[in-house]
Every structure is written in C-alpha cells, then in structure tokens.
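**Student:** I'm passing along input_3.pdb; it holds PDB, C-alpha atoms.
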ATOM      1  CA  MET U 632      14.225 -94.059 147.104
ATOM      2  CA  SER U 633      15.766 -97.425 147.829
ATOM      3  CA  VAL U 634      17.915 -98.044 150.870
ATOM      4  CA  GLN U 635      21.435 -99.110 149.956
ATOM      5  CA  PRO U 636      23.607-101.023 152.445
ATOM      6  CA  ALA U 637      25.212 -98.522 154.811
ATOM      7  CA  ALA U 638      28.608 -99.453 156.176
ATOM      8  CA  ARG U 639      29.532 -96.019 157.407
ATOM      9  CA  GLU U 640      28.800 -93.484 160.096
ATOM     10  CA  VAL U 641      28.862 -89.826 159.076
ATOM     11  CA  ALA U 642      30.402 -87.139 161.295
ATOM     12  CA  LEU U 643      28.733 -83.772 160.662
ATOM     13  CA  ILE U 644      30.957 -80.732 161.199
ATOM     14  CA  GLY U 645      29.334 -77.313 160.837
ATOM     15  CA  VAL U 646      31.517 -74.343 159.928
ATOM     16  CA  PRO U 647      29.409 -71.137 159.789
ATOM     17  CA  LEU U 648      32.145 -69.122 158.126
ATOM     18  CA  ASP U 649      31.736 -66.293 155.635
ATOM     19  CA  LEU U 650      35.011 -64.419 156.133
ATOM     20  CA  GLY U 651      36.412 -65.932 152.937
ATOM     21  CA  ALA U 652      33.562 -64.737 150.732
ATOM     22  CA  GLY U 653      32.672 -61.398 149.216
ATOM     23  CA  ARG U 654      28.979 -61.677 150.055
ATOM     24  CA  ARG U 655      27.469 -62.235 153.485
ATOM     25  CA  GLY U 656      25.049 -65.040 154.313
ATOM     26  CA  VAL U 657      26.812 -68.366 153.786
ATOM     27  CA  ASP U 658      27.550 -68.462 157.520
ATOM     28  CA  MET U 659      23.918 -69.576 157.850
ATOM     29  CA  GLY U 660      24.470 -72.461 155.449
ATOM     30  CA  PRO U 661      25.059 -75.185 158.084
ATOM     31  CA  SER U 662      21.808 -74.223 159.819
ATOM     32  CA  ALA U 663      19.904 -74.279 156.525
ATOM     33  CA  ILE U 664      21.216 -77.734 155.677
ATOM     34  CA  ARG U 665      20.410 -79.100 159.114
ATOM     35  CA  TYR U 666      16.962 -77.454 158.985
ATOM     36  CA  ALA U 667      16.363 -79.374 155.746
ATOM     37  CA  GLU U 668      16.556 -82.532 157.931
ATOM     38  CA  LEU U 669      19.936 -83.841 156.845
ATOM     39  CA  GLU U 670      20.312 -86.371 159.659
ATOM     40  CA  GLN U 671      16.761 -87.648 159.302
ATOM     41  CA  HIS U 672      17.102 -87.933 155.516
ATOM     42  CA  LEU U 673      20.310 -89.958 155.749
ATOM     43  CA  ARG U 674      18.758 -92.221 158.371
ATOM     44  CA  ASP U 675      15.407 -92.770 156.668
ATOM     45  CA  THR U 676      16.658 -92.941 153.090
ATOM     46  CA  LEU U 677      19.919 -94.816 153.571
ATOM     47  CA  GLY U 678      19.970 -96.194 157.084
ATOM     48  CA  ILE U 679      23.116 -94.159 157.707
ATOM     49  CA  ALA U 680      23.780 -93.066 161.274
ATOM     50  CA  SER U 681      25.301 -89.657 161.838
ATOM     51  CA  VAL U 682      26.995 -87.923 164.734
ATOM     52  CA  ASP U 683      26.651 -84.144 164.787
ATOM     53  CA  LEU U 684      29.803 -82.568 166.192
ATOM     54  CA  GLY U 685      28.166 -79.150 166.250
ATOM     55  CA  ASN U 686      29.551 -75.923 164.836
ATOM     56  CA  VAL U 687      33.074 -74.598 164.932
ATOM     57  CA  VAL U 688      33.033 -71.168 166.569
ATOM     58  CA  THR U 689      33.668 -68.476 163.952
ATOM     59  CA  PRO U 690      34.071 -64.702 164.267
ATOM     60  CA  VAL U 691      31.757 -62.088 162.764
ATOM     61  CA  ALA U 692      33.233 -59.993 159.966
ATOM     62  CA  GLU U 693      32.083 -56.679 161.447
ATOM     63  CA  SER U 694      34.035 -57.276 164.643
ATOM     64  CA  THR U 695      37.132 -58.739 162.976
ATOM     65  CA  GLU U 696      40.166 -57.020 161.472
ATOM     66  CA  GLY U 697      40.321 -57.732 157.728
ATOM     67  CA  GLY U 698      44.096 -57.393 157.448
ATOM     68  CA  ASP U 699      45.856 -57.720 154.090
ATOM     69  CA  GLU U 700      43.479 -56.728 151.276
ATOM     70  CA  ARG U 701      45.076 -59.363 149.030
ATOM     71  CA  ALA U 702      43.792 -62.124 151.350
ATOM     72  CA  ARG U 703      41.272 -60.683 153.798
ATOM     73  CA  PHE U 704      40.812 -62.354 157.186
ATOM     74  CA  LEU U 705      43.449 -64.970 156.313
ATOM     75  CA  PRO U 706      44.838 -65.518 159.871
ATOM     76  CA  GLN U 707      41.331 -66.006 161.255
ATOM     77  CA  ILE U 708      40.371 -68.367 158.427
ATOM     78  CA  LEU U 709      43.490 -70.474 158.980
ATOM     79  CA  ALA U 710      42.758 -70.711 162.699
ATOM     80  CA  ILE U 711      39.233 -71.927 161.966
ATOM     81  CA  CYS U 712      40.500 -74.402 159.370
ATOM     82  CA  ASP U 713      42.928 -75.755 161.948
ATOM     83  CA  VAL U 714      39.998 -76.606 164.230
ATOM     84  CA  VAL U 715      38.177 -78.196 161.284
ATOM     85  CA  ALA U 716      41.277 -80.210 160.401
ATOM     86  CA  LYS U 717      41.520 -81.643 163.902
ATOM     87  CA  LEU U 718      37.829 -82.604 163.900
ATOM     88  CA  VAL U 719      38.139 -84.232 160.469
ATOM     89  CA  ALA U 720      41.268 -86.165 161.445
ATOM     90  CA  GLY U 721      39.587 -87.294 164.666
ATOM     91  CA  ALA U 722      36.518 -88.477 162.780
ATOM     92  CA  ARG U 723      38.678 -90.513 160.408
ATOM     93  CA  ARG U 724      40.518 -92.112 163.292
ATOM     94  CA  ASN U 725      37.110 -93.083 164.705
ATOM     95  CA  GLY U 726      36.240 -94.769 161.408
ATOM     96  CA  GLN U 727      33.711 -92.079 160.448
ATOM     97  CA  THR U 728      33.086 -90.273 157.166
ATOM     98  CA  PRO U 729      33.556 -86.521 157.720
ATOM     99  CA  LEU U 730      30.923 -84.271 156.148
ATOM    100  CA  VAL U 731      31.860 -80.621 156.540
ATOM    101  CA  LEU U 732      28.960 -78.178 156.203
ATOM    102  CA  GLY U 733      29.887 -74.673 155.079
ATOM    103  CA  GLY U 734      30.087 -71.815 155.163
ATOM    104  CA  ASP U 735      32.215 -70.515 152.330
ATOM    105  CA  HIS U 736      34.575 -72.799 150.443
ATOM    106  CA  SER U 737      37.561 -71.785 152.597
ATOM    107  CA  VAL U 738      36.469 -74.509 155.014
ATOM    108  CA  ALA U 739      37.676 -77.139 152.526
ATOM    109  CA  LEU U 740      41.262 -76.306 153.440
ATOM    110  CA  GLY U 741      40.541 -77.629 156.926
ATOM    111  CA  SER U 742      38.946 -80.754 155.473
ATOM    112  CA  LEU U 743      41.937 -81.509 153.284
ATOM    113  CA  VAL U 744      44.555 -80.732 155.927
ATOM    114  CA  GLY U 745      42.678 -83.010 158.332
ATOM    115  CA  MET U 746      42.465 -85.852 155.821
ATOM    116  CA  ALA U 747      46.162 -85.475 155.013
ATOM    117  CA  ALA U 748      46.996 -85.532 158.727
ATOM    118  CA  ALA U 749      45.164 -88.841 159.077
ATOM    119  CA  HIS U 750      46.264 -90.490 155.831
ATOM    120  CA  GLY U 751      48.852 -88.458 153.932
ATOM    121  CA  PRO U 752      48.153 -86.429 150.771
ATOM    122  CA  GLY U 753      45.199 -87.680 148.746
ATOM    123  CA  GLY U 754      42.943 -87.056 145.782
ATOM    124  CA  VAL U 755      40.197 -84.469 145.326
ATOM    125  CA  ILE U 756      37.134 -84.018 143.153
ATOM    126  CA  TRP U 757      36.327 -80.286 143.162
ATOM    127  CA  ILE U 758      32.753 -79.794 141.935
ATOM    128  CA  ASP U 759      32.389 -76.047 141.569
ATOM    129  CA  ALA U 760      31.575 -73.259 139.125
ATOM    130  CA  HIS U 761      34.936 -71.724 140.057
ATOM    131  CA  GLY U 762      38.521 -72.948 140.116
ATOM    132  CA  ASP U 763      39.440 -71.542 143.564
ATOM    133  CA  LEU U 764      43.036 -71.547 142.337
ATOM    134  CA  ASN U 765      43.932 -67.924 142.907
ATOM    135  CA  THR U 766      46.716 -66.768 145.196
ATOM    136  CA  PRO U 767      46.996 -63.491 147.119
ATOM    137  CA  GLU U 768      49.081 -62.195 144.215
ATOM    138  CA  SER U 769      46.677 -63.233 141.446
ATOM    139  CA  SER U 770      43.282 -62.796 143.108
ATOM    140  CA  PRO U 771      41.203 -59.918 141.722
ATOM    141  CA  SER U 772      39.034 -59.849 144.855
ATOM    142  CA  GLY U 773      41.165 -60.815 147.858
ATOM    143  CA  ASN U 774      38.509 -63.359 148.874
ATOM    144  CA  VAL U 775      40.172 -66.424 150.403
ATOM    145  CA  HIS U 776      37.441 -68.827 149.297
ATOM    146  CA  GLY U 777      38.835 -68.310 145.791
ATOM    147  CA  MET U 778      42.324 -69.410 146.903
ATOM    148  CA  VAL U 779      41.598 -72.507 148.945
ATOM    149  CA  LEU U 780      42.413 -75.128 146.306
ATOM    150  CA  ALA U 781      45.719 -73.476 145.453
ATOM    151  CA  ALA U 782      46.510 -73.414 149.170
ATOM    152  CA  ALA U 783      45.700 -77.124 149.566
ATOM    153  CA  LEU U 784      48.071 -77.829 146.673
ATOM    154  CA  GLY U 785      50.819 -75.997 148.568
ATOM    155  CA  LEU U 786      50.778 -73.164 146.010
ATOM    156  CA  GLY U 787      49.075 -70.444 148.038
ATOM    157  CA  GLY U 788      52.284 -68.861 149.262
ATOM    158  CA  ASP U 789      53.887 -68.343 152.664
ATOM    159  CA  GLY U 790      50.745 -66.798 154.122
ATOM    160  CA  PHE U 791      49.033 -70.190 154.121
ATOM    161  CA  THR U 792      51.730 -72.028 156.074
ATOM    162  CA  ARG U 793      50.819 -73.103 159.590
ATOM    163  CA  SER U 794      52.678 -75.129 162.188
ATOM    164  CA  GLY U 795      51.655 -78.780 162.158
ATOM    165  CA  TRP U 796      50.004 -78.692 158.730
ATOM    166  CA  LYS U 797      50.963 -81.082 155.943
ATOM    167  CA  LEU U 798      50.934 -79.126 152.710
ATOM    168  CA  PRO U 799      50.417 -80.024 149.980
ATOM    169  CA  ALA U 800      47.412 -81.989 151.231
ATOM    170  CA  ILE U 801      46.677 -83.119 147.664
ATOM    171  CA  GLU U 802      48.921 -85.614 145.903
ATOM    172  CA  ALA U 803      50.389 -84.452 142.604
ATOM    173  CA  GLY U 804      48.254 -85.613 139.689
ATOM    174  CA  LYS U 805      45.224 -86.432 141.862
ATOM    175  CA  LEU U 806      43.047 -83.373 141.306
ATOM    176  CA  ALA U 807      39.954 -83.130 139.116
ATOM    177  CA  LEU U 808      37.577 -80.190 138.701
ATOM    178  CA  VAL U 809      34.030 -80.605 137.398
ATOM    179  CA  GLY U 810      31.430 -78.032 136.341
ATOM    180  CA  VAL U 811      33.858 -75.125 135.988
ATOM    181  CA  ARG U 812      32.564 -72.081 134.101
ATOM    182  CA  SER U 813      34.217 -69.062 135.747
ATOM    183  CA  LEU U 814      38.019 -68.848 135.878
ATOM    184  CA  ASP U 815      40.311 -65.881 136.467
ATOM    185  CA  LYS U 816      43.444 -65.286 134.413
ATOM    186  CA  GLY U 817      45.801 -66.495 137.133
ATOM    187  CA  GLU U 818      43.787 -69.676 137.567
ATOM    188  CA  ARG U 819      43.969 -70.474 133.857
ATOM    189  CA  GLU U 820      47.724 -69.997 133.907
ATOM    190  CA  LEU U 821      48.134 -72.226 136.956
ATOM    191  CA  LEU U 822      46.001 -74.987 135.449
ATOM    192  CA  LYS U 823      48.351 -75.132 132.460
ATOM    193  CA  ARG U 824      51.111 -76.196 134.853
ATOM    194  CA  LEU U 825      49.100 -78.698 136.906
ATOM    195  CA  ASP U 826      48.500 -82.359 136.189
ATOM    196  CA  ALA U 827      44.784 -81.905 136.776
ATOM    197  CA  ARG U 828      41.707 -82.979 134.850
ATOM    198  CA  VAL U 829      39.320 -80.093 134.268
ATOM    199  CA  PHE U 830      35.785 -80.665 133.002
ATOM    200  CA  THR U 831      34.143 -77.360 132.162
ATOM    201  CA  MET U 832      30.444 -76.914 131.497
ATOM    202  CA  THR U 833      31.329 -77.028 127.799
ATOM    203  CA  ASP U 834      32.673 -80.551 128.344
ATOM    204  CA  VAL U 835      29.512 -81.467 130.245
ATOM    205  CA  ASP U 836      27.412 -80.115 127.373
ATOM    206  CA  ARG U 837      29.386 -82.058 124.775
ATOM    207  CA  ILE U 838      29.892 -85.454 126.385
ATOM    208  CA  GLY U 839      27.549 -85.510 129.378
ATOM    209  CA  ILE U 840      28.027 -85.395 133.121
ATOM    210  CA  GLU U 841      28.431 -89.153 133.602
ATOM    211  CA  PRO U 842      31.581 -89.560 131.433
ATOM    212  CA  CYS U 843      33.026 -86.400 132.971
ATOM    213  CA  MET U 844      32.515 -87.703 136.503
ATOM    214  CA  ARG U 845      33.839 -91.178 135.715
ATOM    215  CA  GLU U 846      37.004 -89.748 134.172
ATOM    216  CA  ALA U 847      37.408 -87.312 137.061
ATOM    217  CA  LEU U 848      37.060 -90.096 139.623
ATOM    218  CA  ALA U 849      39.478 -92.336 137.732
ATOM    219  CA  HIS U 850      42.030 -89.519 137.687
ATOM    220  CA  ALA U 851      41.726 -88.561 141.362
ATOM    221  CA  SER U 852      41.299 -92.037 142.880
ATOM    222  CA  GLY U 853      43.999 -94.446 143.976
ATOM    223  CA  SER U 854      45.734 -92.235 146.513
ATOM    224  CA  ASN U 855      45.642 -92.204 150.325
ATOM    225  CA  PHE U 856      42.091 -90.835 150.349
ATOM    226  CA  LEU U 857      39.474 -89.352 148.024
ATOM    227  CA  HIS U 858      37.737 -86.154 149.076
ATOM    228  CA  VAL U 859      34.663 -84.771 147.288
ATOM    229  CA  SER U 860      34.143 -81.027 147.692
ATOM    230  CA  LEU U 861      30.719 -79.899 146.480
ATOM    231  CA  ASP U 862      30.036 -76.188 146.074
ATOM    232  CA  LEU U 863      26.307 -75.700 145.444
ATOM    233  CA  ASP U 864      27.073 -72.942 142.947
ATOM    234  CA  VAL U 865      27.997 -75.683 140.474
ATOM    235  CA  VAL U 866      24.236 -76.080 140.025
ATOM    236  CA  ASP U 867      22.465 -73.556 137.808
ATOM    237  CA  PRO U 868      21.008 -70.697 139.892
ATOM    238  CA  GLU U 869      17.554 -71.411 138.463
ATOM    239  CA  THR U 870      17.677 -74.622 140.514
ATOM    240  CA  ALA U 871      19.987 -73.474 143.336
ATOM    241  CA  PRO U 872      19.318 -69.753 143.871
ATOM    242  CA  GLY U 873      20.713 -69.601 147.400
ATOM    243  CA  VAL U 874      24.459 -69.794 146.831
ATOM    244  CA  GLY U 875      27.337 -67.500 147.663
ATOM    245  CA  THR U 876      28.550 -66.779 144.119
ATOM    246  CA  PRO U 877      25.925 -67.753 141.527
ATOM    247  CA  VAL U 878      26.971 -68.187 137.881
ATOM    248  CA  ARG U 879      24.480 -68.905 135.109
ATOM    249  CA  GLY U 880      24.803 -72.024 132.964
ATOM    250  CA  GLY U 881      25.430 -74.661 135.623
ATOM    251  CA  LEU U 882      24.385 -78.242 136.172
ATOM    252  CA  SER U 883      20.710 -79.093 136.001
ATOM    253  CA  TYR U 884      18.929 -80.771 138.895
ATOM    254  CA  ARG U 885      19.288 -84.214 137.302
ATOM    255  CA  GLU U 886      22.883 -83.662 136.180
ATOM    256  CA  ALA U 887      23.833 -82.771 139.742
ATOM    257  CA  HIS U 888      22.153 -85.891 141.100
ATOM    258  CA  LEU U 889      23.744 -88.105 138.458
ATOM    259  CA  ALA U 890      27.175 -86.690 139.318
ATOM    260  CA  MET U 891      26.655 -87.668 142.947
ATOM    261  CA  GLU U 892      25.213 -91.068 142.018
ATOM    262  CA  VAL U 893      28.397 -91.818 140.070
ATOM    263  CA  VAL U 894      30.401 -90.920 143.188
ATOM    264  CA  ALA U 895      28.328 -93.400 145.186
ATOM    265  CA  GLU U 896      28.715 -96.158 142.608
ATOM    266  CA  THR U 897      32.498 -96.090 142.824
ATOM    267  CA  ARG U 898      32.437 -96.402 146.654
ATOM    268  CA  THR U 899      35.740 -94.513 146.791
ATOM    269  CA  ALA U 900      34.843 -91.228 148.543
ATOM    270  CA  ASP U 901      36.191 -90.950 152.093
ATOM    271  CA  SER U 902      35.090 -87.426 153.023
ATOM    272  CA  PHE U 903      32.903 -84.583 151.788
ATOM    273  CA  ASP U 904      32.347 -80.833 151.879
ATOM    274  CA  LEU U 905      28.934 -79.289 151.265
ATOM    275  CA  VAL U 906      29.429 -75.537 150.981
ATOM    276  CA  GLU U 907      28.265 -72.084 149.887
ATOM    277  CA  VAL U 908      24.543 -72.419 150.707
ATOM    278  CA  ASN U 909      23.310 -68.864 151.276
ATOM    279  CA  PRO U 910      19.806 -68.721 152.819
ATOM    280  CA  VAL U 911      19.666 -64.935 152.350
ATOM    281  CA  LEU U 912      19.376 -65.470 148.591
ATOM    282  CA  ASP U 913      17.366 -68.680 148.721
ATOM    283  CA  ARG U 914      13.689 -69.413 148.102
ATOM    284  CA  GLU U 915      12.003 -71.408 150.891
ATOM    285  CA  ASN U 916      15.314 -73.180 151.638
ATOM    286  CA  ALA U 917      15.276 -74.825 148.194
ATOM    287  CA  THR U 918      19.084 -74.864 148.020
ATOM    288  CA  GLY U 919      19.412 -76.264 151.540
ATOM    289  CA  LYS U 920      17.016 -79.066 150.601
ATOM    290  CA  LEU U 921      18.911 -79.712 147.375
ATOM    291  CA  ALA U 922      22.157 -79.953 149.351
ATOM    292  CA  VAL U 923      20.612 -82.673 151.511
ATOM    293  CA  GLU U 924      19.341 -84.559 148.472
ATOM    294  CA  LEU U 925      22.699 -84.395 146.724
ATOM    295  CA  ILE U 926      24.723 -85.678 149.660
ATOM    296  CA  ALA U 927      22.229 -88.514 150.004
ATOM    297  CA  SER U 928      22.826 -89.399 146.357
ATOM    298  CA  ALA U 929      26.593 -89.282 146.958
ATOM    299  CA  LEU U 930      26.152 -91.718 149.832
ATOM    300  CA  GLY U 931      24.052 -94.193 147.879
ATOM    301  CA  ALA U 932      20.429 -93.048 147.485
ATOM    302  CA  ARG U 933      18.798 -94.332 144.302
ATOM    303  CA  ILE U 934      15.459 -93.962 142.551
ATOM    304  CA  LEU U 935      15.065 -97.744 142.264
TER
END
Translate the structure of the given file into structure tokens.

**Tutor:**
Amino acid sequence: MSVQPAAREVALIGVPLDLGAGRRGVDMGPSAIRYAELEQHLRDTLGIASVDLGNVVTPVAESTEGGDERARFLPQILAICDVVAKLVAGARRNGQTPLVLGGDHSVALGSLVGMAAAHGPGGVIWIDAHGDLNTPESSPSGNVHGMVLAAALGLGGDGFTRSGWKLPAIEAGKLALVGVRSLDKGERELLKRLDARVFTMTDVDRIGIEPCMREALAHASGSNFLHVSLDLDVVDPETAPGVGTPVRGGLSYREAHLAMEVVAETRTADSFDLVEVNPVLDRENATGKLAVELIASALGARIL
C-alpha cells in the first residue's frame, strides 16, 4: 500500500453501545477494531496520527430499564449520544477528523449532532444495508438503531428532542444512501418524500459501485460538512460475518474498498462512523480487520 500525504489527525471515539440493537454483541465492536491495530495501520500505511479519546461509558442492557417498547432505551441512548456529540464537536474545533467506533448505529446521531454543533447542518453518505429511517410509530422492532437517520433529519418525533441539540443535523437535499437492500414499509414511504439519493444493491449490480458512490458524493457534498457513516453490514456476510444485522447480497470485498477509495479521492469527508461490528458472530476478528482496512481506504490508502 502506498502512503498518501496525510494532512489530518484522527480522533478516535469508542462507543460500546448495543442498547439500540436487537442482538447483543456490538458493544464489543470498538475493542475488536482497536485489537485489529487501527492506530498502527493508519500510522504505518498512511502516516496519519491518531488520538484515542477512549470509550464513552455506556450502560448494560440487563441493568437498564427498557422503557417504551416503540423505542427501547431511548433516554439512555440520547444521553450517550450527547456525550459523543460533545467529543465530536471538540475534535472538530481542535482541527481533528472524528472517527466514531460503534457500537450499534445509534451512535451516529451523536456524530451528526456534534458535527452540526461545530459547523451547522451538513451532508451525509449513509453506507448501510438498511435505511435506518423508521420512527417509533413505524418501527416494527422498536430498535433505535433503525431510527437514527430519521432522527438526524429531525423526523424522529418529539422523543428525540434534547436541550442544546441542533436538529435537523442534516441539510435538506444532502443525504445519500448506498448499498441498501432491506427497507421497512415506513422507510419506503418516507424516502418518497425526501430529496435523497438512494443507491440500492440493484443499482450497484446494474451500474457498479464507483458511479453510485460518485453520484452519492456529488449529491451530499457542498454543505457545511460531509459525514460518512459506514455500517459493516453493507458488506456481504460471506465477507463480513461479524455484524449486528447481517443481510445477504451485500457489497463484495473489492466493492467495499472501491467505495471507500472514491471517498478518499474526493477529499471531502470531514468525519466518519464505523459501526455494527459484532465479535460474537465473527470469525477470527475478520470483520474487525476489514473495518480497519476500509477506513484506511477512506483516508487514502491505495494499492499503488
């Protein structure tokens, strides 16, 4: 791998949260990613320095009151996201690139609120098998990680409001989803009303991942910031078995790398999430290692 010029310092923020998911285990994701030598890989491959801000303290589901079944553990998740938001905003003010390590995808709400606090509403590339556009009223599961994007758009309902937060954290018309292959009815209906670009796996099959990513980036760029949220379940479970909510028919190993390489080429991404790594379901930390490789590609790693 060649070393590309590195003009950034990455702030690592671990969020070992699994309250927003229906399956346990993604709380160990930050440890799995670090164990796969994330800091060393970024330093040796790209010459990128990183500052590890440690883990946000998160509660254990068994000792926590679930609350409303339509959005379980929502108050606790919002409190954790508030801590994440402050760390992300602080990193931006220090000139760093925040990289939030999940944990379930609920943590992305903290990332986006923090970026909006520092810069105002911005653009998002959501690379995920799922839409995460449910609300407490439309969700078939009550799992908050499936509502986080709707919440960041200011469409999650009153339950997602919190003092000091700027919602929507995403500017209208600056959202793109890539790799989608599992949507609920309410999510489909909401997408019909949004000015969002959606590239399903059918689109990837037909035109290729590179055109999809370039169009997605063109659509979401040009705002106050660009955030890239990468859920490892976008990759096919044959390649990434250790994820929170696996869905067959995802990106191949090379498609996933090419998607991240296109992100790096544009030099427009200001912050990242790396979420839903579940070591309980993994094989020899293969998904944790893939997560490290993919973020390196997003930050500029190349074959030649």

**Student:** Have a look at U:Gly753, U:Pro767, U:Pro877, U:Pro872 and name the one nearest to His850 in chain U; count all atoms listed in the file.

**Tutor:**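 Of U:Gly753, U:Pro767, U:Pro877, U:Pro872, the one nearest His850 in chain U is U:Gly753, counting all atoms listed in the file.
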
**Student:** Which is closest to Leu905 in chain U among U:Thr728, U:Ser928, U:Thr695, U:Ser860, if we use all atoms listed in the file?

**Tutor:**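 Of U:Thr728, U:Ser928, U:Thr695, U:Ser860, the one nearest Leu905 in chain U is U:Ser860, counting all atoms listed in the file.
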
**Student:** Can you translate the PyMOL selection byres ((chain U and resi 892-903) around 8) into the concrete residues it hits in this file, as a ChimeraX atom specification?

**Tutor:** /U:728-731,841,844-845,848,852,856-861,888-891,904-905,928-933

**Student:** Could you please determine the separation between CA of Met778 in chain U and CA of Val657 in chain U in Å, to one decimal place?

**Tutor:**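 Value for the CA of Met778 in chain U-CA of Val657 in chain U distance: 17.0 Å.
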
**Student:** Determine the residue membership of the PyMOL selection byres ((chain U and resi 734) around 7) for the file above and supply it as a PyMOL selection string.

**Tutor:** chain U and resi 646-649+657-658+660-661+732-733+735-736+738+906-907

**Student:** Quick one: which residues end up in the PyMOL selection byres ((chain U and resi 796-809) around 6) for this structure, as a list in words?

**Tutor:**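 On the file shown, the PyMOL selection byres ((chain U and resi 796-809) around 6) covers Leu743, Val744, Ala747, Pro752, Gly753, Gly754, Val755, Ile756, Trp757, Ile758, Ala783, Leu784, Gly785, Arg793, Ser794, Gly795, Gly810, Val811, Asp826, Ala827, Arg828, Val829, Phe830, Ala847 and Ala851 of chain U.
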
**Student:** Nearest to Ala642 in chain U among U:Gly777, U:Gly721, U:Gly656, U:Gly697, with distances taken over all atoms listed in the file: which residue is it?

**Tutor:**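 Residue with the minimum atom-to-atom distance to Ala642 in chain U: U:Gly721.
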
**Student:** Just checking: using all atoms listed in the file, which residue out of U:Val641, U:Val691, U:Ile679, U:Ala667 ends up closest to Asn725 in chain U?

**Tutor:**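 Smallest separation from Asn725 in chain U among the options: U:Val641.
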
**Student:** Find the spatial neighbours of Ala692 in chain U, counting all atoms listed in the file, within a cut-off of 9 Å - ignore same-chain residues fewer than 6 positions away - and output them as number ranges by chain.

**Tutor:** U: 649-650, 655, 704

**Student:** Which is closest to Thr876 in chain U among U:Asp864, U:Asp836, U:Asp699, U:Asp683, if we use all atoms listed in the file?

**Tutor:**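 The closest residue to Thr876 in chain U is U:Asp864.
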
**Student:** Would you kindly identify which residues have an atom no farther than 10 Å from (53.4, -66.2, 138.8), using only C-alpha atoms and the file's own coordinates, and write them out as number ranges by chain?

**Tutor:** U: 766, 768-769, 817, 820-821

**Student:** Go ahead and compute the interatomic distance for CA of Leu684 in chain U and CA of Ile644 in chain U, in Å to one decimal.

**Tutor:** 5.4 Å

**Student:** Between U:Leu740, U:Met746, U:Leu912, U:Ala871, which is the closest to Leu705 in chain U once you count all atoms listed in the file?

**Tutor:**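 Looking at the shortest contact to Leu705 in chain U, the residue is U:Leu740.
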
**Student:** Using Å and a single decimal, report how far CA of His761 in chain U sits from CA of Gly881 in chain U.

**Tutor:**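 Between CA of Gly881 in chain U and CA of His761 in chain U the gap is 10.9 Å.
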
**Student:** Around (15.6, -72.4, 148.4) in the file's own coordinates, what residues are found within 10 Å if you use only C-alpha atoms, given back as a count of residues only?

**Tutor:** 20

**Student:** Write out as a list of chain:residue names each polymer residue whose atoms come within 8 Å of Cys712 in chain U, counting only C-alpha atoms; drop sequence neighbours fewer than 2 positions from it.

**Tutor:**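 Within the cut-off, the hits are U:Ile708, U:Leu709, U:Ala710, U:Val714, U:Val715, U:Ala716, U:Ser737, U:Val738, U:Ala739, U:Leu740, U:Gly741, U:Ser742.
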